[in-house]
file protein_37.csv (CSV, C-alpha atoms and all ligand atoms)
chain,number,residue,atom,x,y,z
O,1,MET,CA,34.1,-37.9,-97.5
O,2,ILE,CA,33.3,-41.4,-96.2
O,3,LEU,CA,30.7,-41.9,-93.6
O,4,VAL,CA,30.7,-45.0,-91.3
O,5,THR,CA,27.4,-45.8,-89.6
O,6,GLY,CA,27.6,-48.0,-86.5
O,7,ALA,CA,31.1,-46.6,-86.1
O,8,THR,CA,31.3,-47.6,-82.4
O,9,GLY,CA,30.2,-51.2,-83.2
O,10,HIS,CA,32.2,-54.4,-84.0
O,11,VAL,CA,32.6,-53.8,-87.7
O,12,GLY,CA,32.4,-50.0,-87.8
O,13,SER,CA,35.1,-49.4,-85.2
O,14,GLU,CA,37.5,-51.6,-87.1
O,15,LEU,CA,36.5,-49.9,-90.3
O,16,VAL,CA,37.3,-46.3,-89.1
O,17,GLN,CA,40.7,-47.5,-88.0
O,18,ARG,CA,41.4,-48.8,-91.6
O,19,LEU,CA,39.9,-45.7,-93.3
O,20,ALA,CA,41.6,-43.1,-91.2
O,21,PRO,CA,45.1,-43.6,-92.7
O,22,ALA,CA,43.8,-43.9,-96.2
O,23,GLY,CA,43.8,-40.2,-96.9
O,24,GLU,CA,40.1,-39.6,-97.5
O,25,PRO,CA,38.2,-37.6,-94.8
O,26,VAL,CA,36.2,-40.0,-92.5
O,27,ARG,CA,33.1,-39.2,-90.5
O,28,ALA,CA,31.9,-41.6,-87.8
O,29,MET,CA,28.2,-41.7,-87.0
O,30,THR,CA,27.1,-42.4,-83.4
O,31,ARG,CA,24.3,-41.4,-81.0
O,32,ARG,CA,27.0,-40.4,-78.5
O,33,PRO,CA,29.7,-38.5,-80.4
O,34,ALA,CA,31.1,-37.0,-77.2
O,35,GLU,CA,31.9,-40.5,-75.9
O,36,ALA,CA,33.2,-42.1,-79.1
O,37,ARG,CA,36.9,-43.1,-79.0
O,38,LEU,CA,38.0,-42.6,-82.6
O,39,PRO,CA,41.4,-42.4,-84.4
O,40,ALA,CA,43.0,-39.0,-84.9
O,41,GLY,CA,41.4,-37.1,-87.8
O,42,VAL,CA,38.1,-38.9,-87.7
O,43,GLU,CA,35.1,-36.6,-87.2
O,44,ALA,CA,32.4,-37.8,-84.9
O,45,VAL,CA,28.9,-36.9,-86.0
O,46,TYR,CA,25.5,-37.4,-84.3
O,47,GLY,CA,23.0,-39.6,-86.1
O,48,ASP,CA,20.2,-41.8,-84.9
O,49,ALA,CA,18.5,-44.1,-87.5
O,50,ALA,CA,15.4,-44.0,-85.3
O,51,ASP,CA,15.2,-40.3,-85.9
O,52,PRO,CA,15.5,-39.8,-89.7
O,53,ALA,CA,15.6,-36.0,-89.4
O,54,SER,CA,19.0,-36.3,-87.6
O,55,LEU,CA,20.6,-38.0,-90.6
O,56,ALA,CA,20.7,-35.1,-93.0
O,57,SER,CA,23.6,-33.3,-91.4
O,58,ALA,CA,25.5,-36.7,-90.9
O,59,PHE,CA,25.2,-37.5,-94.6
O,60,ALA,CA,25.9,-33.9,-96.0
O,61,GLY,CA,28.8,-33.9,-98.4
O,62,VAL,CA,29.3,-37.7,-98.2
O,63,ASP,CA,30.5,-39.7,-101.3
O,64,GLY,CA,30.8,-43.1,-99.8
O,65,VAL,CA,29.0,-44.7,-96.9
O,66,PHE,CA,29.2,-47.9,-94.8
O,67,LEU,CA,25.6,-48.7,-93.9
O,68,MET,CA,24.6,-51.0,-91.0
O,69,SER,CA,21.5,-51.2,-88.8
O,70,ALA,CA,21.3,-52.6,-85.3
O,71,GLN,CA,17.5,-52.7,-85.4
O,72,ALA,CA,16.3,-56.2,-84.3
O,73,VAL,CA,14.2,-58.1,-86.9
O,74,GLY,CA,10.6,-57.7,-86.0
O,75,ALA,CA,11.1,-54.5,-83.8
O,76,ALA,CA,9.0,-52.7,-86.4
O,77,PRO,CA,6.8,-54.0,-89.3
O,78,GLU,CA,9.6,-53.2,-91.7
O,79,PRO,CA,13.3,-52.3,-91.3
O,80,THR,CA,12.7,-48.7,-90.7
O,81,HIS,CA,16.4,-47.9,-89.7
O,82,ASP,CA,17.8,-49.4,-93.0
O,83,LEU,CA,15.1,-47.6,-95.0
O,84,ALA,CA,15.9,-44.3,-93.2
O,85,LEU,CA,19.7,-44.7,-93.7
O,86,ALA,CA,19.4,-45.5,-97.4
O,87,ALA,CA,16.9,-42.7,-98.0
O,88,ALA,CA,19.3,-40.2,-96.3
O,89,ALA,CA,22.2,-41.5,-98.5
O,90,ALA,CA,20.1,-41.0,-101.6
O,91,ARG,CA,19.0,-37.5,-100.6
O,92,ALA,CA,22.6,-36.5,-99.9
O,93,GLY,CA,23.7,-37.7,-103.4
O,94,VAL,CA,26.0,-40.5,-102.0
O,95,SER,CA,27.5,-42.5,-104.9
O,96,ARG,CA,29.1,-45.5,-103.2
O,97,VAL,CA,27.4,-47.7,-100.6
O,98,VAL,CA,28.7,-50.7,-98.7
O,99,LYS,CA,25.8,-52.4,-96.9
O,100,LEU,CA,26.3,-54.9,-94.0
O,101,SER,CA,23.6,-57.5,-94.5
O,102,THR,CA,23.5,-61.1,-93.3
O,103,LEU,CA,24.2,-64.5,-94.8
O,104,ASP,CA,21.3,-66.1,-96.5
O,105,GLY,CA,19.1,-63.4,-94.9
O,106,GLY,CA,16.9,-62.7,-97.8
O,107,SER,CA,16.2,-66.3,-98.9
O,108,GLY,CA,13.0,-68.1,-98.0
O,109,ASP,CA,9.7,-66.9,-96.9
O,110,ASP,CA,10.0,-66.1,-93.2
O,111,PRO,CA,10.0,-62.7,-91.4
O,112,ILE,CA,13.8,-62.6,-91.4
O,113,ALA,CA,13.9,-63.1,-95.2
O,114,HIS,CA,11.3,-60.4,-95.8
O,115,TRP,CA,13.2,-58.0,-93.5
O,116,GLN,CA,16.5,-58.5,-95.1
O,117,ARG,CA,15.2,-58.4,-98.7
O,118,THR,CA,13.5,-55.0,-97.9
O,119,ALA,CA,16.7,-53.7,-96.3
O,120,GLU,CA,18.9,-54.8,-99.2
O,121,ALA,CA,16.5,-53.5,-101.9
O,122,ALA,CA,16.6,-50.1,-100.3
O,123,VAL,CA,20.3,-50.0,-101.4
O,124,THR,CA,20.3,-52.1,-104.6
O,125,ASP,CA,17.2,-50.4,-106.2
O,126,PRO,CA,18.5,-49.1,-109.5
O,127,ALA,CA,16.4,-45.9,-109.1
O,128,ARG,CA,18.8,-45.0,-106.2
O,129,GLY,CA,21.8,-45.0,-108.5
O,130,PHE,CA,24.2,-46.2,-105.9
O,131,ALA,CA,27.3,-48.2,-106.7
O,132,TRP,CA,26.6,-50.8,-104.0
O,133,THR,CA,28.4,-53.7,-102.5
O,134,LEU,CA,26.5,-56.1,-100.2
O,135,LEU,CA,28.4,-57.9,-97.4
O,136,ARG,CA,26.5,-61.0,-96.2
O,137,PRO,CA,28.4,-62.6,-93.3
O,138,GLY,CA,27.3,-65.4,-91.1
O,139,ARG,CA,28.0,-65.4,-87.3
O,140,PHE,CA,30.4,-62.9,-86.0
O,141,MET,CA,33.3,-64.1,-83.8
O,142,SER,CA,32.6,-61.0,-81.6
O,143,ASN,CA,29.4,-62.7,-80.5
O,144,ALA,CA,31.7,-64.6,-78.1
O,145,LEU,CA,31.9,-61.3,-76.1
O,146,GLN,CA,28.4,-62.2,-74.8
O,147,TRP,CA,30.2,-64.7,-72.6
O,148,ALA,CA,32.4,-62.1,-71.0
O,149,GLY,CA,30.0,-61.4,-68.1
O,150,GLN,CA,29.6,-65.1,-67.1
O,151,LEU,CA,33.4,-65.6,-67.5
O,152,ARG,CA,34.1,-63.0,-64.8
O,153,THR,CA,32.8,-65.4,-62.2
O,154,ASP,CA,32.7,-68.9,-63.7
O,155,ASP,CA,34.6,-71.2,-66.1
O,156,GLU,CA,31.3,-72.6,-67.3
O,157,VAL,CA,29.2,-70.7,-69.8
O,158,ALA,CA,25.5,-71.2,-70.4
O,159,THR,CA,25.2,-71.4,-74.2
O,160,PRO,CA,22.2,-72.3,-76.4
O,161,PHE,CA,22.8,-74.3,-79.6
O,162,ALA,CA,26.2,-75.4,-78.1
O,163,ASP,CA,26.7,-78.2,-80.7
O,164,ARG,CA,25.6,-76.3,-83.8
O,165,PRO,CA,28.7,-75.3,-85.8
O,166,ALA,CA,29.1,-72.1,-87.7
O,167,ALA,CA,32.0,-70.7,-89.7
O,168,SER,CA,32.1,-67.4,-87.8
O,169,ILE,CA,34.0,-64.4,-89.2
O,170,ASP,CA,36.2,-61.8,-87.6
O,171,PRO,CA,34.5,-58.4,-87.9
O,172,ALA,CA,38.0,-57.0,-88.7
O,173,ASP,CA,37.9,-59.0,-91.9
O,174,LEU,CA,34.5,-57.5,-92.8
O,175,ALA,CA,35.9,-54.1,-92.1
O,176,GLU,CA,38.9,-54.7,-94.3
O,177,ILE,CA,36.6,-55.8,-97.2
O,178,ALA,CA,34.4,-52.8,-96.6
O,179,ALA,CA,37.4,-50.5,-96.6
O,180,LEU,CA,38.6,-51.9,-99.9
O,181,ALA,CA,35.2,-51.5,-101.5
O,182,LEU,CA,34.8,-47.9,-100.2
O,183,ILE,CA,38.3,-46.8,-101.1
O,184,THR,CA,38.9,-48.5,-104.5
O,185,GLY,CA,35.3,-48.7,-105.8
O,186,GLU,CA,36.4,-52.0,-107.3
O,187,HIS,CA,33.6,-54.1,-105.7
O,188,ALA,CA,30.6,-52.3,-107.1
O,189,GLY,CA,27.7,-54.6,-107.9
O,190,ALA,CA,29.2,-57.5,-105.8
O,191,THR,CA,27.3,-59.5,-103.3
O,192,TYR,CA,29.7,-61.3,-101.0
O,193,GLU,CA,28.6,-64.2,-98.9
O,194,LEU,CA,31.2,-64.4,-96.2
O,195,SER,CA,32.5,-66.8,-93.5
O,196,GLY,CA,35.6,-67.4,-91.4
O,197,PRO,CA,38.1,-70.1,-92.1
O,198,GLN,CA,36.8,-72.9,-89.8
O,199,SER,CA,33.4,-74.3,-88.8
O,200,LEU,CA,33.3,-74.5,-85.0
O,201,THR,CA,30.6,-75.1,-82.4
O,202,PRO,CA,30.2,-72.6,-79.6
O,203,ALA,CA,31.7,-75.3,-77.4
O,204,GLN,CA,34.8,-75.5,-79.6
O,205,GLU,CA,35.1,-71.7,-79.7
O,206,LEU,CA,34.9,-71.6,-75.9
O,207,ALA,CA,37.7,-74.1,-75.7
O,208,ILE,CA,39.9,-72.0,-78.0
O,209,LEU,CA,39.1,-68.9,-76.1
O,210,GLY,CA,40.1,-70.7,-72.9
O,211,GLU,CA,43.5,-71.4,-74.5
O,212,ALA,CA,44.0,-67.7,-75.2
O,213,LEU,CA,43.0,-66.8,-71.6
O,214,GLY,CA,44.9,-69.7,-70.0
O,215,ARG,CA,41.7,-71.2,-68.5
O,216,ASP,CA,39.8,-74.4,-68.9
O,217,LEU,CA,36.4,-73.2,-70.2
O,218,ARG,CA,33.4,-75.4,-70.6
O,219,VAL,CA,29.9,-75.0,-72.0
O,220,ARG,CA,26.7,-75.6,-70.0
O,221,PRO,CA,24.1,-76.3,-72.7
O,222,VAL,CA,20.9,-74.3,-72.6
O,223,PRO,CA,17.8,-76.4,-73.5
O,224,THR,CA,16.1,-75.4,-76.7
O,225,ALA,CA,12.9,-74.4,-74.8
O,226,ALA,CA,14.9,-72.0,-72.5
O,227,ALA,CA,16.6,-70.5,-75.6
O,228,ARG,CA,13.2,-69.8,-77.1
O,229,ALA,CA,12.0,-68.2,-73.8
O,230,GLY,CA,15.2,-66.1,-73.7
O,231,MET,CA,14.5,-64.7,-77.2
O,232,ALA,CA,10.9,-63.9,-76.3
O,233,ARG,CA,12.1,-62.1,-73.2
O,234,TYR,CA,14.5,-60.2,-75.4
O,235,GLY,CA,11.5,-58.9,-77.3
O,236,PHE,CA,11.5,-60.9,-80.5
O,237,PRO,CA,7.9,-61.6,-81.8
O,238,PRO,CA,6.9,-65.3,-81.8
O,239,GLU,CA,7.1,-65.6,-85.6
O,240,VAL,CA,10.7,-64.2,-85.5
O,241,VAL,CA,11.6,-66.6,-82.7
O,242,ASP,CA,10.2,-69.5,-84.9
O,243,ALA,CA,12.3,-68.3,-87.8
O,244,ILE,CA,15.5,-68.0,-85.7
O,245,MET,CA,14.9,-71.6,-84.4
O,246,ARG,CA,14.3,-73.0,-87.8
O,247,ARG,CA,17.3,-71.2,-89.3
O,248,THR,CA,19.6,-72.4,-86.4
O,249,LEU,CA,18.4,-76.0,-86.1
O,250,ASP,CA,17.5,-77.0,-89.7
O,251,GLY,CA,20.2,-77.8,-92.3
O,252,ASP,CA,23.7,-76.5,-92.2
O,253,ARG,CA,23.1,-72.8,-92.7
O,254,GLY,CA,26.1,-70.8,-91.7
O,255,SER,CA,28.4,-73.8,-91.1
O,256,GLN,CA,30.0,-73.9,-94.5
O,257,VAL,CA,33.5,-72.4,-94.9
O,258,LEU,CA,33.1,-70.0,-97.9
O,259,PRO,CA,36.1,-68.9,-100.1
O,260,THR,CA,35.0,-65.3,-100.6
O,261,ALA,CA,36.8,-63.5,-97.8
O,262,GLU,CA,40.2,-65.1,-98.8
O,263,LYS,CA,39.6,-64.3,-102.5
O,264,VAL,CA,38.8,-60.6,-101.8
O,265,LEU,CA,41.5,-60.1,-99.2
O,266,GLY,CA,44.2,-62.0,-100.9
O,267,ARG,CA,45.1,-63.8,-97.7
O,268,PRO,CA,43.4,-66.3,-95.4
O,269,ALA,CA,40.5,-65.1,-93.3
O,270,ARG,CA,41.4,-64.6,-89.6
O,271,SER,CA,40.9,-67.7,-87.4
O,272,PHE,CA,38.9,-67.7,-84.1
O,273,ALA,CA,42.2,-68.3,-82.3
O,274,GLN,CA,43.6,-65.1,-83.7
O,275,TRP,CA,40.4,-63.2,-82.8
O,276,ALA,CA,40.5,-64.6,-79.2
O,277,ARG,CA,44.2,-63.5,-78.8
O,278,ALA,CA,43.4,-60.0,-80.1
O,279,HIS,CA,40.4,-59.6,-77.8
O,280,ARG,CA,41.8,-61.2,-74.6
O,281,GLU,CA,41.7,-58.0,-72.6
O,282,GLU,CA,37.9,-57.7,-73.2
O,283,PHE,CA,37.4,-60.9,-71.1
O,301,LIG,N1,26.3,-60.5,-84.8
O,301,LIG,C1,26.2,-61.4,-85.8
O,301,LIG,O1,26.5,-62.6,-85.7
O,301,LIG,C2,25.8,-60.9,-87.2
O,301,LIG,C3,25.8,-61.8,-88.2
O,301,LIG,C4,25.4,-61.4,-89.5
O,301,LIG,C5,25.1,-60.0,-89.7
O,301,LIG,N2,25.1,-59.2,-88.6
O,301,LIG,C6,24.7,-57.8,-88.8
O,301,LIG,O2,25.6,-56.9,-88.1
O,301,LIG,C7,24.9,-55.8,-87.6
O,301,LIG,C8,25.1,-55.8,-86.1
O,301,LIG,O3,26.3,-56.2,-85.7
O,301,LIG,P1,26.6,-56.5,-84.2
O,301,LIG,O4,25.5,-57.4,-83.6
O,301,LIG,O5,28.0,-56.9,-84.0
O,301,LIG,O6,26.3,-55.0,-83.5
O,301,LIG,P2,27.2,-53.8,-83.2
O,301,LIG,O7,28.2,-53.6,-84.2
O,301,LIG,O8,27.7,-53.9,-81.8
O,301,LIG,O9,26.1,-52.7,-83.3
O,301,LIG,C9,26.0,-51.6,-82.5
O,301,LIG,C10,26.2,-50.3,-83.4
O,301,LIG,O10,25.0,-49.9,-83.9
O,301,LIG,C11,24.8,-48.5,-83.6
O,301,LIG,N3,23.4,-48.2,-83.4
O,301,LIG,C12,22.6,-48.8,-82.5
O,301,LIG,N4,21.4,-48.2,-82.6
O,301,LIG,C13,21.5,-47.2,-83.5
O,301,LIG,C14,20.6,-46.2,-84.0
O,301,LIG,N5,19.3,-46.2,-83.5
O,301,LIG,N6,21.0,-45.4,-84.9
O,301,LIG,C15,22.3,-45.4,-85.3
O,301,LIG,N7,23.2,-46.3,-84.9
O,301,LIG,C16,22.8,-47.2,-84.0
O,301,LIG,C17,25.7,-48.3,-82.4
O,301,LIG,O11,26.1,-47.0,-82.3
O,301,LIG,P3,25.9,-46.0,-81.1
O,301,LIG,O12,25.5,-46.8,-79.9
O,301,LIG,O13,27.3,-45.4,-80.9
O,301,LIG,O14,25.0,-44.9,-81.5
O,301,LIG,C18,26.8,-49.2,-82.6
O,301,LIG,O15,27.9,-48.6,-83.3
O,301,LIG,C19,23.4,-56.1,-87.9
O,301,LIG,O16,23.1,-55.4,-89.0
O,301,LIG,C20,23.3,-57.6,-88.1
O,301,LIG,O17,22.3,-57.9,-89.0
O,301,LIG,C21,25.5,-59.6,-87.4
call {"tool": "encode", "arguments": {"input": "protein_37.csv", "output": "structure tokens", "more": "lines below"}}
Ligand SMILES: NC(=O)c1ccc[n+]([C@@H]2O[C@H](COP(=O)([O-])OP(=O)(O)OC[C@H]3O[C@@H](n4cnc5c(N)ncnc54)[C@H](OP(=O)(O)O)[C@@H]3O)[C@@H](O)[C@H]2O)c1
result
Amino acid sequence: MILVTGATGHVGSELVQRLAPAGEPVRAMTRRPAEARLPAGVEAVYGDAADPASLASAFAGVDGVFLMSAQAVGAAPEPTHDLALAAAAARAGVSRVVKLSTLDGGSGDDPIAHWQRTAEAAVTDPARGFAWTLLRPGRFMSNALQWAGQLRTDDEVATPFADRPAASIDPADLAEIAALALITGEHAGATYELSGPQSLTPAQELAILGEALGRDLRVRPVPTAAARAGMARYGFPPEVVDAIMRRTLDGDRGSQVLPTAEKVLGRPARSFAQWARAHREEF
């Protein structure tokens, strides 16, 4: 039995689609099982990482698990959702764990690094005995869906960091790598730093999205101070906002095209143009 956490999310929903035909029973964890739209044969199960007691039945009988947490960095003193999920996997005797982490997350000495290191260690700790694989992607192409609301009424989109490039990755590629690791067990002990095939600024991504939608889309840059204020309103503590700003504005973090996805998949990683065409309807 394979359990997918975050099964209704960007990576998880692509993953259940790839696991469903592979022959192994698949269970999809969500806080709203009645509403989950899942492929035939996939079992929906209730589980809330904020309520560790709810996880025992979700993890019962599971051999392999895809672990992800949507808990925002700084929402608690430590990554309680990651810790609860890894503990539930250990208690259930899970052997294979694929953990969704983040590129360069654990390096350095800021609150983001501490958070990611703690979250990864909960899976890689030898005492847990998991055969683990860590996926460390940079920016997701699906972050462009944040523009969908503005695009309903406007061809111009307010975007912070509009000129900062990133080699964003299609969550479907992450799902394909996770599926390979869960099904074959061949990627145990691997830490994969992952990117898409091109380094693009949000302004360039918006122009490519415009081509897919047949519209002339433009960026309205958001000043840095307004971006900071937005993150604070979203609930990030000031030290986390500082860390996000430093990570976004200093150096070329996340902008390098990495060879890993192509090596693991045996084909080029999907481009932003491919992602945009596949997700046209969502705009
Ligand atoms: N977005 C990026 O650019 C990026 C880059 C690198 C790494 N990542 C990593 O990717 C993950 C998030 O990806 P995303 O931003 O695209 O989000 P997402 O996949 O849309 O995440 C939402 C998912 O999380 C589940 N979820 C939310 N709260 C939960 C809870 N309390 N208990 C159990 N499940 C819960 C939701 O399930 P239900 O609502 O159905 O319960 C849903 O399936 C994070 O771990 C992040 O660090 C993201």
call {"tool": "closest_residue", "arguments": {"input": "protein_37.csv", "among": "O:Thr260, O:Ser255, O:Ser13, O:Gln198", "to": "Ala273 of chain O", "atoms": "all atoms listed in the file"}}
result
O:Gln198
call {"tool": "atom_distance", "arguments": {"input": "protein_37.csv", "atom1": "atom CA of Ala50 of chain O", "atom2": "atom CA of Ala84 of chain O"}}
result
7.9 Å
call {"tool": "atom_distance", "arguments": {"input": "protein_37.csv", "atom1": "atom CA of Gly254 of chain O", "atom2": "atom CA of Pro237 of chain O"}}
result
22.7 Å
call {"tool": "atom_distance", "arguments": {"input": "protein_37.csv", "atom1": "atom CA of Pro160 of chain O", "atom2": "atom CA of Arg220 of chain O"}}
result
8.5 Å
call {"tool": "residues_near_ligand", "arguments": {"input": "protein_37.csv", "ligand": "ligand LIG 301 (chain O)", "cutoff": "6 Å", "atoms": "all atoms listed in the file", "output": "PyMOL selection string"}}
result
chain O and resi 6-11+30-32+47-50+68-70+100-102+137-140+143
call {"tool": "residues_near_point", "arguments": {"input": "protein_37.csv", "point": "(26.6, -51.0, -105.4)", "cutoff": "8 Å", "atoms": "all atoms listed in the file", "output": "PyMOL selection string"}}
result
chain O and resi 96-98+123-124+130-134+187-190
call {"tool": "closest_residue", "arguments": {"input": "protein_37.csv", "among": "O:Trp115, O:Phe236, O:Phe272, O:Phe161", "to": "Thr80 of chain O", "atoms": "all atoms listed in the file"}}
result
O:Trp115
call {"tool": "closest_residue", "arguments": {"input": "protein_37.csv", "among": "O:Asp155, O:Glu35, O:Asp104, O:Glu78", "to": "Ala207 of chain O", "atoms": "only C-alpha atoms"}}
result
O:Asp155
call {"tool": "residues_near_point", "arguments": {"input": "protein_37.csv", "point": "(22.8, -33.4, -98.5)", "cutoff": "6 Å", "atoms": "all atoms listed in the file", "output": "PyMOL selection string"}}
result
chain O and resi 60+91-92
call {"tool": "build_atoms", "arguments": {"input": "protein_37.csv", "residues": "segment 231-252 of chain O", "atoms": "N, CA and C atoms", "output": "PDB file, in the coordinates of the input"}}
result
ATOM      1  N   MET O 231      14.733 -65.615 -76.068  1.00  0.00           N
ATOM      2  CA  MET O 231      14.500 -64.700 -77.200  1.00  0.00           C
ATOM      3  C   MET O 231      13.217 -63.948 -77.077  1.00  0.00           C
ATOM      4  N   ALA O 232      12.198 -64.613 -76.539  1.00  0.00           N
ATOM      5  CA  ALA O 232      10.900 -63.900 -76.300  1.00  0.00           C
ATOM      6  C   ALA O 232      11.087 -62.814 -75.305  1.00  0.00           C
ATOM      7  N   ARG O 233      11.820 -63.110 -74.221  1.00  0.00           N
ATOM      8  CA  ARG O 233      12.100 -62.100 -73.200  1.00  0.00           C
ATOM      9  C   ARG O 233      12.833 -60.900 -73.800  1.00  0.00           C
ATOM     10  N   TYR O 234      13.719 -61.191 -74.745  1.00  0.00           N
ATOM     11  CA  TYR O 234      14.500 -60.200 -75.400  1.00  0.00           C
ATOM     12  C   TYR O 234      13.647 -59.239 -76.254  1.00  0.00           C
ATOM     13  N   GLY O 235      12.433 -59.721 -76.568  1.00  0.00           N
ATOM     14  CA  GLY O 235      11.500 -58.900 -77.300  1.00  0.00           C
ATOM     15  C   GLY O 235      11.199 -59.314 -78.718  1.00  0.00           C
ATOM     16  N   PHE O 236      11.793 -60.472 -79.156  1.00  0.00           N
ATOM     17  CA  PHE O 236      11.500 -60.900 -80.500  1.00  0.00           C
ATOM     18  C   PHE O 236      10.046 -61.435 -80.567  1.00  0.00           C
ATOM     19  N   PRO O 237       9.260 -61.033 -81.587  1.00  0.00           N
ATOM     20  CA  PRO O 237       7.900 -61.600 -81.800  1.00  0.00           C
ATOM     21  C   PRO O 237       7.979 -63.087 -82.004  1.00  0.00           C
ATOM     22  N   PRO O 238       6.888 -63.813 -81.659  1.00  0.00           N
ATOM     23  CA  PRO O 238       6.900 -65.300 -81.800  1.00  0.00           C
ATOM     24  C   PRO O 238       7.290 -65.781 -83.163  1.00  0.00           C
ATOM     25  N   GLU O 239       6.816 -65.092 -84.228  1.00  0.00           N
ATOM     26  CA  GLU O 239       7.100 -65.600 -85.600  1.00  0.00           C
ATOM     27  C   GLU O 239       8.612 -65.413 -85.901  1.00  0.00           C
ATOM     28  N   VAL O 240       9.237 -64.412 -85.295  1.00  0.00           N
ATOM     29  CA  VAL O 240      10.700 -64.200 -85.500  1.00  0.00           C
ATOM     30  C   VAL O 240      11.456 -65.282 -84.707  1.00  0.00           C
ATOM     31  N   VAL O 241      10.983 -65.583 -83.502  1.00  0.00           N
ATOM     32  CA  VAL O 241      11.600 -66.600 -82.700  1.00  0.00           C
ATOM     33  C   VAL O 241      11.550 -67.969 -83.484  1.00  0.00           C
ATOM     34  N   ASP O 242      10.372 -68.261 -84.067  1.00  0.00           N
ATOM     35  CA  ASP O 242      10.200 -69.500 -84.900  1.00  0.00           C
ATOM     36  C   ASP O 242      11.243 -69.520 -86.010  1.00  0.00           C
ATOM     37  N   ALA O 243      11.369 -68.374 -86.685  1.00  0.00           N
ATOM     38  CA  ALA O 243      12.300 -68.300 -87.800  1.00  0.00           C
ATOM     39  C   ALA O 243      13.733 -68.500 -87.377  1.00  0.00           C
ATOM     40  N   ILE O 244      14.094 -67.896 -86.253  1.00  0.00           N
ATOM     41  CA  ILE O 244      15.500 -68.000 -85.700  1.00  0.00           C
ATOM     42  C   ILE O 244      15.726 -69.518 -85.404  1.00  0.00           C
ATOM     43  N   MET O 245      14.741 -70.148 -84.752  1.00  0.00           N
ATOM     44  CA  MET O 245      14.900 -71.600 -84.400  1.00  0.00           C
ATOM     45  C   MET O 245      15.091 -72.437 -85.595  1.00  0.00           C
ATOM     46  N   ARG O 246      14.226 -72.211 -86.597  1.00  0.00           N
ATOM     47  CA  ARG O 246      14.300 -73.000 -87.800  1.00  0.00           C
ATOM     48  C   ARG O 246      15.674 -72.825 -88.496  1.00  0.00           C
ATOM     49  N   ARG O 247      16.084 -71.554 -88.600  1.00  0.00           N
ATOM     50  CA  ARG O 247      17.300 -71.200 -89.300  1.00  0.00           C
ATOM     51  C   ARG O 247      18.544 -71.820 -88.522  1.00  0.00           C
ATOM     52  N   THR O 248      18.426 -71.880 -87.194  1.00  0.00           N
ATOM     53  CA  THR O 248      19.600 -72.400 -86.400  1.00  0.00           C
ATOM     54  C   THR O 248      19.624 -73.892 -86.396  1.00  0.00           C
ATOM     55  N   LEU O 249      18.445 -74.531 -86.350  1.00  0.00           N
ATOM     56  CA  LEU O 249      18.400 -76.000 -86.100  1.00  0.00           C
ATOM     57  C   LEU O 249      18.284 -76.817 -87.380  1.00  0.00           C
ATOM     58  N   ASP O 250      17.725 -76.228 -88.459  1.00  0.00           N
ATOM     59  CA  ASP O 250      17.500 -77.000 -89.700  1.00  0.00           C
ATOM     60  C   ASP O 250      18.711 -76.831 -90.627  1.00  0.00           C
ATOM     61  N   GLY O 251      19.166 -77.930 -91.209  1.00  0.00           N
ATOM     62  CA  GLY O 251      20.200 -77.800 -92.300  1.00  0.00           C
ATOM     63  C   GLY O 251      21.540 -77.383 -91.702  1.00  0.00           C
ATOM     64  N   ASP O 252      22.379 -76.906 -92.622  1.00  0.00           N
ATOM     65  CA  ASP O 252      23.700 -76.500 -92.200  1.00  0.00           C
ATOM     66  C   ASP O 252      24.013 -75.059 -92.503  1.00  0.00           C
TER      67      ASP O 252
END
